[in-house]
file protein-v6.cif (mmCIF, C-alpha atoms, pLDDT in the B column; chains and numbers go by the auth columns)
data_model
loop_
_atom_site.group_PDB
_atom_site.id
_atom_site.type_symbol
_atom_site.label_atom_id
_atom_site.label_comp_id
_atom_site.label_asym_id
_atom_site.label_seq_id
_atom_site.Cartn_x
_atom_site.Cartn_y
_atom_site.Cartn_z
_atom_site.B_iso_or_equiv
_atom_site.auth_seq_id
_atom_site.auth_asym_id
ATOM 1 C CA MET A 1 209.819 159.601 20.542 39.00 7 D
ATOM 2 C CA THR A 2 206.256 158.397 19.989 46.00 8 D
ATOM 3 C CA THR A 3 204.706 155.868 22.320 45.00 9 D
ATOM 4 C CA LYS A 4 201.669 153.669 22.094 48.00 10 D
ATOM 5 C CA ALA A 5 198.651 154.736 24.127 49.00 11 D
ATOM 6 C CA THR A 6 196.125 152.598 25.953 50.00 12 D
ATOM 7 C CA GLY A 7 192.926 151.575 24.205 48.00 13 D
ATOM 8 C CA LYS A 8 190.618 150.963 27.153 53.00 14 D
ATOM 9 C CA THR A 9 191.661 151.055 30.754 47.00 15 D
ATOM 10 C CA GLY A 10 194.628 148.712 31.148 35.00 16 D
ATOM 11 C CA GLU A 11 194.743 147.738 27.449 46.00 17 D
ATOM 12 C CA LYS A 12 196.999 148.769 24.567 39.00 18 D
ATOM 13 C CA THR A 13 195.874 149.711 21.093 59.00 19 D
ATOM 14 C CA ALA A 14 198.369 148.936 18.364 54.00 20 D
ATOM 15 C CA GLY A 15 199.503 152.041 16.496 60.00 21 D
ATOM 16 C CA ALA A 16 197.927 154.548 18.877 78.00 22 D
ATOM 17 C CA THR A 17 200.746 157.027 19.440 93.00 23 D
ATOM 18 C CA ASP A 18 200.587 159.855 21.943 95.00 24 D
ATOM 19 C CA GLU A 19 200.350 162.300 19.041 95.00 25 D
ATOM 20 C CA ALA A 20 197.411 160.378 17.559 96.00 26 D
ATOM 21 C CA VAL A 21 195.596 160.377 20.903 96.00 27 D
ATOM 22 C CA ALA A 22 196.136 164.121 21.340 97.00 28 D
ATOM 23 C CA ARG A 23 194.871 164.791 17.829 96.00 29 D
ATOM 24 C CA ALA A 24 191.825 162.560 18.315 96.00 30 D
ATOM 25 C CA LEU A 25 191.019 164.438 21.528 97.00 31 D
ATOM 26 C CA LEU A 26 191.275 167.833 19.826 97.00 32 D
ATOM 27 C CA ASP A 27 189.100 166.577 16.973 96.00 33 D
ATOM 28 C CA ARG A 28 186.352 165.707 19.466 94.00 34 D
ATOM 29 C CA GLN A 29 186.714 168.664 21.840 90.00 35 D
ATOM 30 C CA ARG A 30 186.884 171.646 19.530 89.00 36 D
ATOM 31 C CA ARG A 31 185.368 174.117 22.013 92.00 37 D
ATOM 32 C CA THR A 32 186.757 174.854 25.441 94.00 38 D
ATOM 33 C CA TYR A 33 184.525 175.559 28.415 95.00 39 D
ATOM 34 C CA ALA A 34 185.261 179.256 27.881 96.00 40 D
ATOM 35 C CA ALA A 35 184.216 179.094 24.237 95.00 41 D
ATOM 36 C CA GLN A 36 181.035 177.242 25.216 96.00 42 D
ATOM 37 C CA ALA A 37 180.265 180.121 27.588 97.00 43 D
ATOM 38 C CA GLY A 38 180.579 182.568 24.692 96.00 44 D
ATOM 39 C CA ILE A 39 183.945 183.989 25.773 97.00 45 D
ATOM 40 C CA ARG A 40 186.283 185.121 23.000 96.00 46 D
ATOM 41 C CA LEU A 41 189.440 185.074 25.017 95.00 47 D
ATOM 42 C CA ARG A 42 191.882 187.926 24.446 96.00 48 D
ATOM 43 C CA ASN A 43 194.257 189.789 26.730 98.00 49 D
ATOM 44 C CA THR A 44 191.725 192.550 27.322 98.00 50 D
ATOM 45 C CA PRO A 45 189.739 193.334 30.482 98.00 51 D
ATOM 46 C CA ALA A 46 186.264 192.030 29.606 98.00 52 D
ATOM 47 C CA PRO A 47 187.105 188.509 28.353 98.00 53 D
ATOM 48 C CA LEU A 48 189.684 188.034 31.110 98.00 54 D
ATOM 49 C CA TYR A 49 187.048 188.915 33.689 98.00 55 D
ATOM 50 C CA GLN A 50 184.492 186.629 32.055 98.00 56 D
ATOM 51 C CA THR A 51 187.014 183.800 32.224 98.00 57 D
ATOM 52 C CA LEU A 52 187.459 184.509 35.928 98.00 58 D
ATOM 53 C CA VAL A 53 183.692 184.377 36.480 98.00 59 D
ATOM 54 C CA LEU A 54 183.552 181.031 34.697 98.00 60 D
ATOM 55 C CA ALA A 55 186.411 179.736 36.866 98.00 61 D
ATOM 56 C CA ILE A 56 184.453 180.691 39.990 97.00 62 D
ATOM 57 C CA LEU A 57 181.363 178.873 38.728 97.00 63 D
ATOM 58 C CA LEU A 58 183.313 175.775 37.664 96.00 64 D
ATOM 59 C CA SER A 59 185.001 175.602 41.080 94.00 65 D
ATOM 60 C CA ALA A 60 181.775 174.536 42.790 91.00 66 D
ATOM 61 C CA PRO A 61 180.867 170.824 43.008 90.00 67 D
ATOM 62 C CA ILE A 62 178.346 171.120 40.196 90.00 68 D
ATOM 63 C CA ARG A 63 178.089 169.835 36.628 93.00 69 D
ATOM 64 C CA SER A 64 180.357 171.706 34.244 93.00 70 D
ATOM 65 C CA GLY A 65 177.494 172.151 31.779 94.00 71 D
ATOM 66 C CA THR A 66 175.474 173.923 34.461 96.00 72 D
ATOM 67 C CA ALA A 67 178.389 176.226 35.280 96.00 73 D
ATOM 68 C CA VAL A 68 178.805 177.102 31.584 97.00 74 D
ATOM 69 C CA ALA A 69 175.078 177.772 31.216 97.00 75 D
ATOM 70 C CA ALA A 70 175.104 179.997 34.308 97.00 76 D
ATOM 71 C CA ALA A 71 178.060 181.979 32.969 98.00 77 D
ATOM 72 C CA ARG A 72 176.244 182.523 29.675 97.00 78 D
ATOM 73 C CA ALA A 73 173.138 183.673 31.558 97.00 79 D
ATOM 74 C CA LEU A 74 175.148 186.209 33.571 98.00 80 D
ATOM 75 C CA PHE A 75 176.812 187.548 30.432 98.00 81 D
ATOM 76 C CA ASP A 76 173.521 187.651 28.504 98.00 82 D
ATOM 77 C CA ALA A 77 172.104 189.714 31.397 98.00 83 D
ATOM 78 C CA GLY A 78 174.880 192.261 30.799 98.00 84 D
ATOM 79 C CA MET A 79 177.234 191.225 33.633 98.00 85 D
ATOM 80 C CA ARG A 80 180.340 191.016 31.461 98.00 86 D
ATOM 81 C CA THR A 81 182.638 193.381 33.380 98.00 87 D
ATOM 82 C CA PRO A 82 183.469 193.958 37.047 98.00 88 D
ATOM 83 C CA ARG A 83 181.611 197.276 36.948 98.00 89 D
ATOM 84 C CA ALA A 84 178.469 195.714 35.501 98.00 90 D
ATOM 85 C CA MET A 85 178.662 192.824 37.992 98.00 91 D
ATOM 86 C CA ALA A 86 179.108 195.179 40.944 98.00 92 D
ATOM 87 C CA ASP A 87 176.299 197.471 39.754 98.00 93 D
ATOM 88 C CA ALA A 88 173.846 194.590 39.362 98.00 94 D
ATOM 89 C CA SER A 89 171.703 193.871 42.375 98.00 95 D
ATOM 90 C CA TRP A 90 172.175 190.732 44.433 97.00 96 D
ATOM 91 C CA GLN A 91 168.778 189.508 43.200 97.00 97 D
ATOM 92 C CA GLN A 92 169.654 190.155 39.554 98.00 98 D
ATOM 93 C CA ARG A 93 172.713 187.961 39.941 98.00 99 D
ATOM 94 C CA VAL A 94 170.672 185.270 41.695 97.00 100 D
ATOM 95 C CA ASP A 95 168.070 185.351 38.927 97.00 101 D
ATOM 96 C CA ALA A 96 170.680 185.006 36.182 97.00 102 D
ATOM 97 C CA LEU A 97 172.376 182.124 37.974 97.00 103 D
ATOM 98 C CA GLY A 98 169.014 180.435 38.431 95.00 104 D
ATOM 99 C CA GLU A 99 168.221 180.867 34.761 94.00 105 D
ATOM 100 C CA GLY A 100 171.400 178.940 34.016 94.00 106 D
ATOM 101 C CA GLY A 101 170.336 176.170 36.404 94.00 107 D
ATOM 102 C CA TYR A 102 172.893 177.150 39.063 93.00 108 D
ATOM 103 C CA ARG A 103 170.328 177.018 41.853 86.00 109 D
ATOM 104 C CA ARG A 104 172.015 175.086 44.634 83.00 110 D
ATOM 105 C CA TYR A 105 174.739 177.714 45.068 87.00 111 D
ATOM 106 C CA ASP A 106 173.028 180.757 43.572 90.00 112 D
ATOM 107 C CA GLU A 107 172.700 182.919 46.688 94.00 113 D
ATOM 108 C CA ARG A 108 176.234 182.351 48.008 94.00 114 D
ATOM 109 C CA THR A 109 177.703 182.727 44.520 96.00 115 D
ATOM 110 C CA SER A 110 175.799 185.951 43.911 97.00 116 D
ATOM 111 C CA THR A 111 177.386 187.404 47.034 97.00 117 D
ATOM 112 C CA MET A 112 180.878 186.207 46.029 97.00 118 D
ATOM 113 C CA LEU A 113 180.555 187.620 42.515 98.00 119 D
ATOM 114 C CA GLY A 114 179.504 190.999 43.863 98.00 120 D
ATOM 115 C CA LYS A 115 182.312 191.169 46.419 98.00 121 D
ATOM 116 C CA GLY A 116 184.862 189.902 43.912 98.00 122 D
ATOM 117 C CA ALA A 117 183.883 192.528 41.353 98.00 123 D
ATOM 118 C CA GLU A 118 184.191 195.279 43.969 98.00 124 D
ATOM 119 C CA LEU A 119 187.633 194.011 45.008 98.00 125 D
ATOM 120 C CA LEU A 120 188.854 193.959 41.397 97.00 126 D
ATOM 121 C CA LEU A 121 187.632 197.523 40.910 98.00 127 D
ATOM 122 C CA GLU A 122 189.270 198.762 44.109 97.00 128 D
ATOM 123 C CA ARG A 123 192.641 197.023 43.737 96.00 129 D
ATOM 124 C CA HIS A 124 193.098 196.672 39.992 97.00 130 D
ATOM 125 C CA GLY A 125 190.731 199.154 38.376 97.00 131 D
ATOM 126 C CA GLY A 126 188.672 196.219 37.112 97.00 132 D
ATOM 127 C CA ASP A 127 191.554 195.084 34.890 98.00 133 D
ATOM 128 C CA LEU A 128 193.071 191.644 35.492 98.00 134 D
ATOM 129 C CA ARG A 129 196.113 192.652 33.460 98.00 135 D
ATOM 130 C CA ARG A 130 197.102 194.752 36.477 97.00 136 D
ATOM 131 C CA LEU A 131 196.728 191.716 38.704 97.00 137 D
ATOM 132 C CA ARG A 132 199.053 189.885 36.294 96.00 138 D
ATOM 133 C CA GLU A 133 201.746 192.443 37.165 96.00 139 D
ATOM 134 C CA GLU A 134 201.550 191.670 40.898 95.00 140 D
ATOM 135 C CA PRO A 135 204.620 190.014 42.487 96.00 141 D
ATOM 136 C CA ASP A 136 202.535 186.865 43.059 96.00 142 D
ATOM 137 C CA PRO A 137 199.544 186.780 40.657 96.00 143 D
ATOM 138 C CA LYS A 138 198.359 183.393 41.953 96.00 144 D
ATOM 139 C CA LYS A 139 198.124 184.751 45.494 96.00 145 D
ATOM 140 C CA ALA A 140 196.354 187.850 44.200 96.00 146 D
ATOM 141 C CA LEU A 141 193.840 185.655 42.387 97.00 147 D
ATOM 142 C CA MET A 142 193.094 183.731 45.578 96.00 148 D
ATOM 143 C CA ASP A 143 192.215 186.995 47.327 97.00 149 D
ATOM 144 C CA ILE A 144 189.141 187.122 45.084 97.00 150 D
ATOM 145 C CA PRO A 145 186.082 185.532 46.752 96.00 151 D
ATOM 146 C CA GLY A 146 185.267 182.170 45.212 94.00 152 D
ATOM 147 C CA ILE A 147 188.754 181.587 43.786 96.00 153 D
ATOM 148 C CA GLY A 148 190.739 178.918 45.591 95.00 154 D
ATOM 149 C CA PRO A 149 193.483 176.664 44.234 96.00 155 D
ATOM 150 C CA THR A 150 191.012 174.935 41.904 96.00 156 D
ATOM 151 C CA GLY A 151 189.757 178.239 40.548 96.00 157 D
ATOM 152 C CA VAL A 152 193.323 179.433 39.965 97.00 158 D
ATOM 153 C CA ASP A 153 194.025 176.248 38.001 97.00 159 D
ATOM 154 C CA ILE A 154 190.908 176.687 35.871 97.00 160 D
ATOM 155 C CA PHE A 155 191.629 180.347 35.158 98.00 161 D
ATOM 156 C CA LEU A 156 195.305 179.890 34.278 97.00 162 D
ATOM 157 C CA ARG A 157 194.539 176.801 32.206 96.00 163 D
ATOM 158 C CA ASP A 158 192.349 178.993 30.035 95.00 164 D
ATOM 159 C CA VAL A 159 194.436 182.188 29.898 97.00 165 D
ATOM 160 C CA GLN A 160 197.812 180.561 29.257 97.00 166 D
ATOM 161 C CA GLY A 161 197.309 181.305 25.567 94.00 167 D
ATOM 162 C CA VAL A 162 197.334 185.044 26.268 97.00 168 D
ATOM 163 C CA TRP A 163 199.525 184.917 29.391 97.00 169 D
ATOM 164 C CA PRO A 164 202.296 182.738 27.945 96.00 170 D
ATOM 165 C CA GLU A 165 204.470 182.905 31.050 96.00 171 D
ATOM 166 C CA TYR A 166 202.153 180.234 32.508 96.00 172 D
ATOM 167 C CA ALA A 167 202.308 177.882 29.525 96.00 173 D
ATOM 168 C CA PRO A 168 202.228 174.961 29.465 96.00 174 D
ATOM 169 C CA TYR A 169 199.638 175.016 32.253 97.00 175 D
ATOM 170 C CA ILE A 170 198.424 171.441 32.637 97.00 176 D
ATOM 171 C CA ASP A 171 196.765 171.302 36.043 96.00 177 D
ATOM 172 C CA ARG A 172 195.973 168.293 38.209 95.00 178 D
ATOM 173 C CA LYS A 173 192.579 167.586 36.675 95.00 179 D
ATOM 174 C CA ALA A 174 194.054 167.750 33.168 97.00 180 D
ATOM 175 C CA LEU A 175 196.799 165.346 34.243 97.00 181 D
ATOM 176 C CA ASP A 176 194.073 162.962 35.450 97.00 182 D
ATOM 177 C CA GLY A 177 192.727 163.027 31.904 97.00 183 D
ATOM 178 C CA ALA A 178 196.190 162.417 30.475 97.00 184 D
ATOM 179 C CA ARG A 179 196.593 159.317 32.625 96.00 185 D
ATOM 180 C CA ARG A 180 193.171 158.035 31.584 96.00 186 D
ATOM 181 C CA LEU A 181 194.255 158.391 27.958 96.00 187 D
ATOM 182 C CA GLY A 182 197.615 156.751 28.559 95.00 188 D
ATOM 183 C CA LEU A 183 199.460 159.987 27.820 96.00 189 D
ATOM 184 C CA PRO A 184 202.571 161.174 29.691 95.00 190 D
ATOM 185 C CA ALA A 185 201.809 162.898 32.985 93.00 191 D
ATOM 186 C CA SER A 186 204.240 165.712 32.203 95.00 192 D
ATOM 187 C CA PRO A 187 203.133 169.212 31.136 96.00 193 D
ATOM 188 C CA ASP A 188 206.199 169.646 28.918 96.00 194 D
ATOM 189 C CA ARG A 189 205.751 166.305 27.168 97.00 195 D
ATOM 190 C CA LEU A 190 202.026 166.864 26.728 97.00 196 D
ATOM 191 C CA SER A 191 202.518 170.323 25.258 96.00 197 D
ATOM 192 C CA SER A 192 205.022 168.903 22.757 96.00 198 D
ATOM 193 C CA LEU A 193 202.255 166.778 21.208 97.00 199 D
ATOM 194 C CA VAL A 194 200.441 169.802 19.717 96.00 200 D
ATOM 195 C CA SER A 195 201.235 173.279 18.459 95.00 201 D
ATOM 196 C CA ALA A 196 201.708 176.064 21.009 93.00 202 D
ATOM 197 C CA ARG A 197 198.382 177.675 20.148 93.00 203 D
ATOM 198 C CA GLU A 198 196.578 174.358 20.750 96.00 204 D
ATOM 199 C CA VAL A 199 197.929 173.789 24.267 96.00 205 D
ATOM 200 C CA PRO A 200 195.029 175.572 26.064 95.00 206 D
ATOM 201 C CA ARG A 201 192.509 173.495 24.093 96.00 207 D
ATOM 202 C CA LEU A 202 194.468 170.307 24.803 97.00 208 D
ATOM 203 C CA ALA A 203 194.475 171.085 28.531 97.00 209 D
ATOM 204 C CA ASP A 204 190.736 171.725 28.438 97.00 210 D
ATOM 205 C CA GLY A 205 190.154 168.536 26.453 97.00 211 D
ATOM 206 C CA LEU A 206 192.128 166.513 28.989 97.00 212 D
ATOM 207 C CA VAL A 207 189.801 167.793 31.715 96.00 213 D
ATOM 208 C CA HIS A 208 186.827 166.627 29.636 95.00 214 D
ATOM 209 C CA ALA A 209 188.496 163.216 29.319 96.00 215 D
ATOM 210 C CA ALA A 210 189.040 163.067 33.097 96.00 216 D
ATOM 211 C CA LEU A 211 185.346 163.741 33.701 93.00 217 D
ATOM 212 C CA ASP A 212 183.902 161.707 30.821 94.00 218 D
ATOM 213 C CA LYS A 213 185.133 158.107 30.481 94.00 219 D
ATOM 214 C CA PRO A 214 183.019 157.385 27.359 95.00 220 D
ATOM 215 C CA LEU A 215 184.730 160.345 25.662 95.00 221 D
ATOM 216 C CA ALA A 216 188.140 158.986 26.667 95.00 222 D
ATOM 217 C CA ASP A 217 187.264 155.544 25.308 95.00 223 D
ATOM 218 C CA GLU A 218 186.047 157.100 22.047 95.00 224 D
ATOM 219 C CA VAL A 219 189.276 159.083 21.705 96.00 225 D
ATOM 220 C CA LEU A 220 191.413 156.006 22.267 95.00 226 D
ATOM 221 C CA ALA A 221 189.409 153.943 19.810 93.00 227 D
ATOM 222 C CA ALA A 222 189.752 156.668 17.162 93.00 228 D
ATOM 223 C CA ALA A 223 193.485 157.032 17.798 92.00 229 D
ATOM 224 C CA GLY A 224 194.000 153.290 17.421 84.00 230 D
ATOM 225 C CA ALA A 225 192.140 153.291 14.126 62.00 231 D
ATOM 226 C CA ALA A 226 194.048 156.277 12.727 58.00 232 D
#
call {"tool": "encode", "arguments": {"input": "protein-v6.cif", "output": "structure tokens"}}
result
Amino acid sequence: MTTKATGKTGEKTAGATDEAVARALLDRQRRTYAAQAGIRLRNTPAPLYQTLVLAILLSAPIRSGTAVAAARALFDAGMRTPRAMADASWQQRVDALGEGGYRRYDERTSTMLGKGAELLLERHGGDLRRLREEPDPKKALMDIPGIGPTGVDIFLRDVQGVWPEYAPYIDRKALDGARRLGLPASPDRLSSLVSAREVPRLADGLVHAALDKPLADEVLAAAGAA
């Protein structure tokens, strides 16, 4: 059943169905945070690790654009795998983070990235697919320095397309975006609004809507006009 979505906060827009709102959001948020960081997500070790690094950076109380820029700077400096991250010096990691504008947390984050890379190498051979096979992958993720509950949500929100056992993964921040857009606060109902392959991008777009009210208003206006 289709339902009408809100236009602005507390208002209704005639004809704006949930499906129209979801489509308007996807039309305006074509690139996920991972894609913006230059990650071509596949179920292979390097892009999975890069997604984990991005989740660590996004977990800090810092602008998402800064976290994405810092991830790109790390990857451009060659730190795309746990081995490369562990082999880089602490100062090289600090410099790359600073180049991306991640200066407030650069020293602490450099240490966490180094320790996390070493842990992944020791426990999982640098391959997050092995971590996926653990009895409790979420707990195993939180053993990695810098990954708490928020980081787990960010990582699984992104990798659900290649780790389908977690789909639909619509975390708390994405649900905040759904409420702002007048969409159902149910992962199953939200995922039914788009194709299976679009669910990760929808979840990411909902996070953008939660953080960016002008974007949410633009989406609702477009959905009402559709």
call {"tool": "axis_aligned_box", "arguments": {"input": "protein-v6.cif", "around": "region 73-87 of chain D", "padding_each_side": "3 Å", "output": "JSON"}}
result
{"center_x": 177.4, "center_y": 184.8, "center_z": 31.9, "size_x": 16.5, "size_y": 23.2, "size_z": 12.8}
call {"tool": "closest_residue", "arguments": {"input": "protein-v6.cif", "among": "D:Val200, D:Leu187, D:Leu208, D:Met148", "to": "Gly230 (chain D)", "atoms": "all atoms listed in the file"}}
result
D:Leu187
call {"tool": "residues_around", "arguments": {"input": "protein-v6.cif", "residues": "Asp93 (chain D)", "least_positions_apart": "6", "cutoff": "12 Å", "atoms": "all atoms listed in the file", "output": "MDAnalysis selection string"}}
result
chainID D and resid 84:87 99 119:121 123:124 127
call {"tool": "atom_distance", "arguments": {"input": "protein-v6.cif", "atom1": "CA of Lys145 (chain D)", "atom2": "CA of Thr115 (chain D)"}}
result
20.5 Å
call {"tool": "resolve_selection", "arguments": {"input": "protein-v6.cif", "expression": "the PyMOL selection byres ((chain D and resi 219) around 12)", "output": "list in words"}}
result
Gly13, Lys14, Thr15, Asp182, Gly183, Ala184, Arg185, Arg186, Leu187, Leu212, Val213, His214, Ala215, Ala216, Leu217, Asp218, Pro220, Leu221, Ala222, Asp223, Glu224, Val225 and Leu226 of chain D
call {"tool": "closest_residue", "arguments": {"input": "protein-v6.cif", "among": "D:Arg46, D:Asp24, D:Ala30, D:Pro53", "to": "Ala191 (chain D)", "atoms": "only C-alpha atoms"}}
result
D:Asp24
call {"tool": "residues_around", "arguments": {"input": "protein-v6.cif", "residues": "Gly211 (chain D)", "least_positions_apart": "6", "cutoff": "9 Å", "atoms": "all atoms listed in the file", "output": "list of chain:residue names"}}
result
D:Leu31, D:Leu32, D:Arg34, D:Gln35, D:Arg36, D:Arg37, D:Thr38, D:Ala180, D:Gly183
call {"tool": "write_last_selection", "arguments": {"input": "protein-v6.cif", "atoms": "C-alpha atoms", "output": "PDB file, keeping the file's coordinate frame"}}
result
ATOM      1  CA  LEU D  31     191.019 164.438  21.528  1.00 97.00           C
ATOM      2  CA  LEU D  32     191.275 167.833  19.826  1.00 97.00           C
ATOM      3  CA  ARG D  34     186.352 165.707  19.466  1.00 94.00           C
ATOM      4  CA  GLN D  35     186.714 168.664  21.840  1.00 90.00           C
ATOM      5  CA  ARG D  36     186.884 171.646  19.530  1.00 89.00           C
ATOM      6  CA  ARG D  37     185.368 174.117  22.013  1.00 92.00           C
ATOM      7  CA  THR D  38     186.757 174.854  25.441  1.00 94.00           C
ATOM      8  CA  ALA D 180     194.054 167.750  33.168  1.00 97.00           C
ATOM      9  CA  GLY D 183     192.727 163.027  31.904  1.00 97.00           C
TER      10      GLY D 183
END
call {"tool": "resolve_selection", "arguments": {"input": "protein-v6.cif", "expression": "the PyMOL selection byres ((chain D and resi 154) around 12)", "output": "PDB file with C-alpha atoms, in the frame of the given file"}}
result
ATOM      1  CA  LEU D  58     187.459 184.509  35.928  1.00 98.00           C
ATOM      2  CA  ALA D  61     186.411 179.736  36.866  1.00 98.00           C
ATOM      3  CA  ILE D  62     184.453 180.691  39.990  1.00 97.00           C
ATOM      4  CA  LEU D  63     181.363 178.873  38.728  1.00 97.00           C
ATOM      5  CA  LEU D  64     183.313 175.775  37.664  1.00 96.00           C
ATOM      6  CA  SER D  65     185.001 175.602  41.080  1.00 94.00           C
ATOM      7  CA  ALA D  66     181.775 174.536  42.790  1.00 91.00           C
ATOM      8  CA  LYS D 144     198.359 183.393  41.953  1.00 96.00           C
ATOM      9  CA  LYS D 145     198.124 184.751  45.494  1.00 96.00           C
ATOM     10  CA  ALA D 146     196.354 187.850  44.200  1.00 96.00           C
ATOM     11  CA  LEU D 147     193.840 185.655  42.387  1.00 97.00           C
ATOM     12  CA  MET D 148     193.094 183.731  45.578  1.00 96.00           C
ATOM     13  CA  ASP D 149     192.215 186.995  47.327  1.00 97.00           C
ATOM     14  CA  ILE D 150     189.141 187.122  45.084  1.00 97.00           C
ATOM     15  CA  PRO D 151     186.082 185.532  46.752  1.00 96.00           C
ATOM     16  CA  GLY D 152     185.267 182.170  45.212  1.00 94.00           C
ATOM     17  CA  ILE D 153     188.754 181.587  43.786  1.00 96.00           C
ATOM     18  CA  PRO D 155     193.483 176.664  44.234  1.00 96.00           C
ATOM     19  CA  THR D 156     191.012 174.935  41.904  1.00 96.00           C
ATOM     20  CA  GLY D 157     189.757 178.239  40.548  1.00 96.00           C
ATOM     21  CA  VAL D 158     193.323 179.433  39.965  1.00 97.00           C
ATOM     22  CA  ASP D 159     194.025 176.248  38.001  1.00 97.00           C
ATOM     23  CA  ILE D 160     190.908 176.687  35.871  1.00 97.00           C
ATOM     24  CA  PHE D 161     191.629 180.347  35.158  1.00 98.00           C
TER      25      PHE D 161
END
call {"tool": "atom_distance", "arguments": {"input": "protein-v6.cif", "atom1": "CA of Asp112 (chain D)", "atom2": "CA of Val100 (chain D)"}}
result
5.4 Å
call {"tool": "closest_residue", "arguments": {"input": "protein-v6.cif", "among": "D:Thr23, D:Gln97, D:Thr50, D:Ser201", "to": "Leu189 (chain D)", "atoms": "all atoms listed in the file"}}
result
D:Thr23
call {"tool": "closest_residue", "arguments": {"input": "protein-v6.cif", "among": "D:Ser197, D:Asn49, D:Ser192, D:Gln42", "to": "Ala173 (chain D)", "atoms": "all atoms listed in the file"}}
result
D:Ser197
call {"tool": "residues_near_point", "arguments": {"input": "protein-v6.cif", "point": "(174.5, 190.7, 33.2)", "cutoff": "12 Å", "atoms": "all atoms listed in the file", "output": "VMD selection string"}}
result
chain D and resid 56 59 76 to 103 105 116 119 to 120
call {"tool": "closest_residue", "arguments": {"input": "protein-v6.cif", "among": "D:Val74, D:Ala52, D:Leu196, D:Leu134", "to": "Trp169 (chain D)", "atoms": "all atoms listed in the file"}}
result
D:Leu134
call {"tool": "closest_residue", "arguments": {"input": "protein-v6.cif", "among": "D:Tyr55, D:Pro174, D:Arg163, D:His130", "to": "Ser198 (chain D)", "atoms": "all atoms listed in the file"}}
result
D:Pro174
call {"tool": "atom_distance", "arguments": {"input": "protein-v6.cif", "atom1": "CA of Arg135 (chain D)", "atom2": "CA of Pro193 (chain D)"}}
result
24.6 Å
call {"tool": "residues_around", "arguments": {"input": "protein-v6.cif", "residues": "Val168 (chain D)", "least_positions_apart": "4", "cutoff": "9 Å", "atoms": "only C-alpha atoms", "output": "PDB file with C-alpha atoms, in the frame of the given file"}}
result
ATOM      1  CA  LEU D  47     189.440 185.074  25.017  1.00 95.00           C
ATOM      2  CA  ARG D  48     191.882 187.926  24.446  1.00 96.00           C
ATOM      3  CA  ASN D  49     194.257 189.789  26.730  1.00 98.00           C
ATOM      4  CA  ASP D 164     192.349 178.993  30.035  1.00 95.00           C
TER       5      ASP D 164
END
call {"tool": "resolve_selection", "arguments": {"input": "protein-v6.cif", "expression": "the PyMOL selection byres ((chain D and resi 229) around 6)", "output": "short mmCIF file (atom, residue, chain, number, x, y, z; two decimals) with C-alpha atoms, in the coordinates of the input"}}
result
data_model
loop_
_atom_site.label_atom_id
_atom_site.label_comp_id
_atom_site.auth_asym_id
_atom_site.auth_seq_id
_atom_site.Cartn_x
_atom_site.Cartn_y
_atom_site.Cartn_z
CA ALA D 22 197.93 154.55 18.88
CA ALA D 26 197.41 160.38 17.56
CA VAL D 27 195.60 160.38 20.90
CA ALA D 30 191.82 162.56 18.32
CA LEU D 226 191.41 156.01 22.27
CA ALA D 227 189.41 153.94 19.81
CA ALA D 228 189.75 156.67 17.16
CA GLY D 230 194.00 153.29 17.42
CA ALA D 231 192.14 153.29 14.13
CA ALA D 232 194.05 156.28 12.73
#
call {"tool": "decode", "arguments": {"input": "protein-v6.cif", "residues": "region 128-138 of chain D", "atoms": "N, CA and C atoms", "output": "PDB file, in the first residue's frame"}}
result
ATOM      1  N   GLU D 128      46.742 -10.107  12.309  1.00  0.00           N
ATOM      2  CA  GLU D 128      47.015 -11.194  13.248  1.00  0.00           C
ATOM      3  C   GLU D 128      45.849 -12.182  13.346  1.00  0.00           C
ATOM      4  N   ARG D 129      44.628 -11.654  13.433  1.00  0.00           N
ATOM      5  CA  ARG D 129      43.470 -12.525  13.675  1.00  0.00           C
ATOM      6  C   ARG D 129      42.823 -13.056  12.403  1.00  0.00           C
ATOM      7  N   HIS D 130      42.855 -12.253  11.342  1.00  0.00           N
ATOM      8  CA  HIS D 130      42.074 -12.601  10.153  1.00  0.00           C
ATOM      9  C   HIS D 130      42.885 -12.581   8.865  1.00  0.00           C
ATOM     10  N   GLY D 131      44.209 -12.530   8.993  1.00  0.00           N
ATOM     11  CA  GLY D 131      45.052 -12.498   7.808  1.00  0.00           C
ATOM     12  C   GLY D 131      44.793 -11.288   6.931  1.00  0.00           C
ATOM     13  N   GLY D 132      44.277 -10.213   7.534  1.00  0.00           N
ATOM     14  CA  GLY D 132      43.997  -8.994   6.780  1.00  0.00           C
ATOM     15  C   GLY D 132      42.757  -9.081   5.912  1.00  0.00           C
ATOM     16  N   ASP D 133      41.943 -10.101   6.100  1.00  0.00           N
ATOM     17  CA  ASP D 133      40.792 -10.354   5.229  1.00  0.00           C
ATOM     18  C   ASP D 133      39.504 -10.326   6.057  1.00  0.00           C
ATOM     19  N   LEU D 134      38.685  -9.305   5.862  1.00  0.00           N
ATOM     20  CA  LEU D 134      37.452  -9.177   6.627  1.00  0.00           C
ATOM     21  C   LEU D 134      36.431 -10.264   6.300  1.00  0.00           C
ATOM     22  N   ARG D 135      36.626 -10.973   5.211  1.00  0.00           N
ATOM     23  CA  ARG D 135      35.730 -12.094   4.918  1.00  0.00           C
ATOM     24  C   ARG D 135      35.896 -13.187   5.967  1.00  0.00           C
ATOM     25  N   ARG D 136      37.079 -13.292   6.558  1.00  0.00           N
ATOM     26  CA  ARG D 136      37.276 -14.259   7.641  1.00  0.00           C
ATOM     27  C   ARG D 136      36.559 -13.799   8.900  1.00  0.00           C
ATOM     28  N   LEU D 137      36.572 -12.491   9.135  1.00  0.00           N
ATOM     29  CA  LEU D 137      35.831 -11.961  10.278  1.00  0.00           C
ATOM     30  C   LEU D 137      34.344 -12.236  10.103  1.00  0.00           C
ATOM     31  N   ARG D 138      33.859 -12.161   8.876  1.00  0.00           N
ATOM     32  CA  ARG D 138      32.446 -12.439   8.582  1.00  0.00           C
ATOM     33  C   ARG D 138      32.051 -13.839   9.020  1.00  0.00           C
TER      34      ARG D 138
END
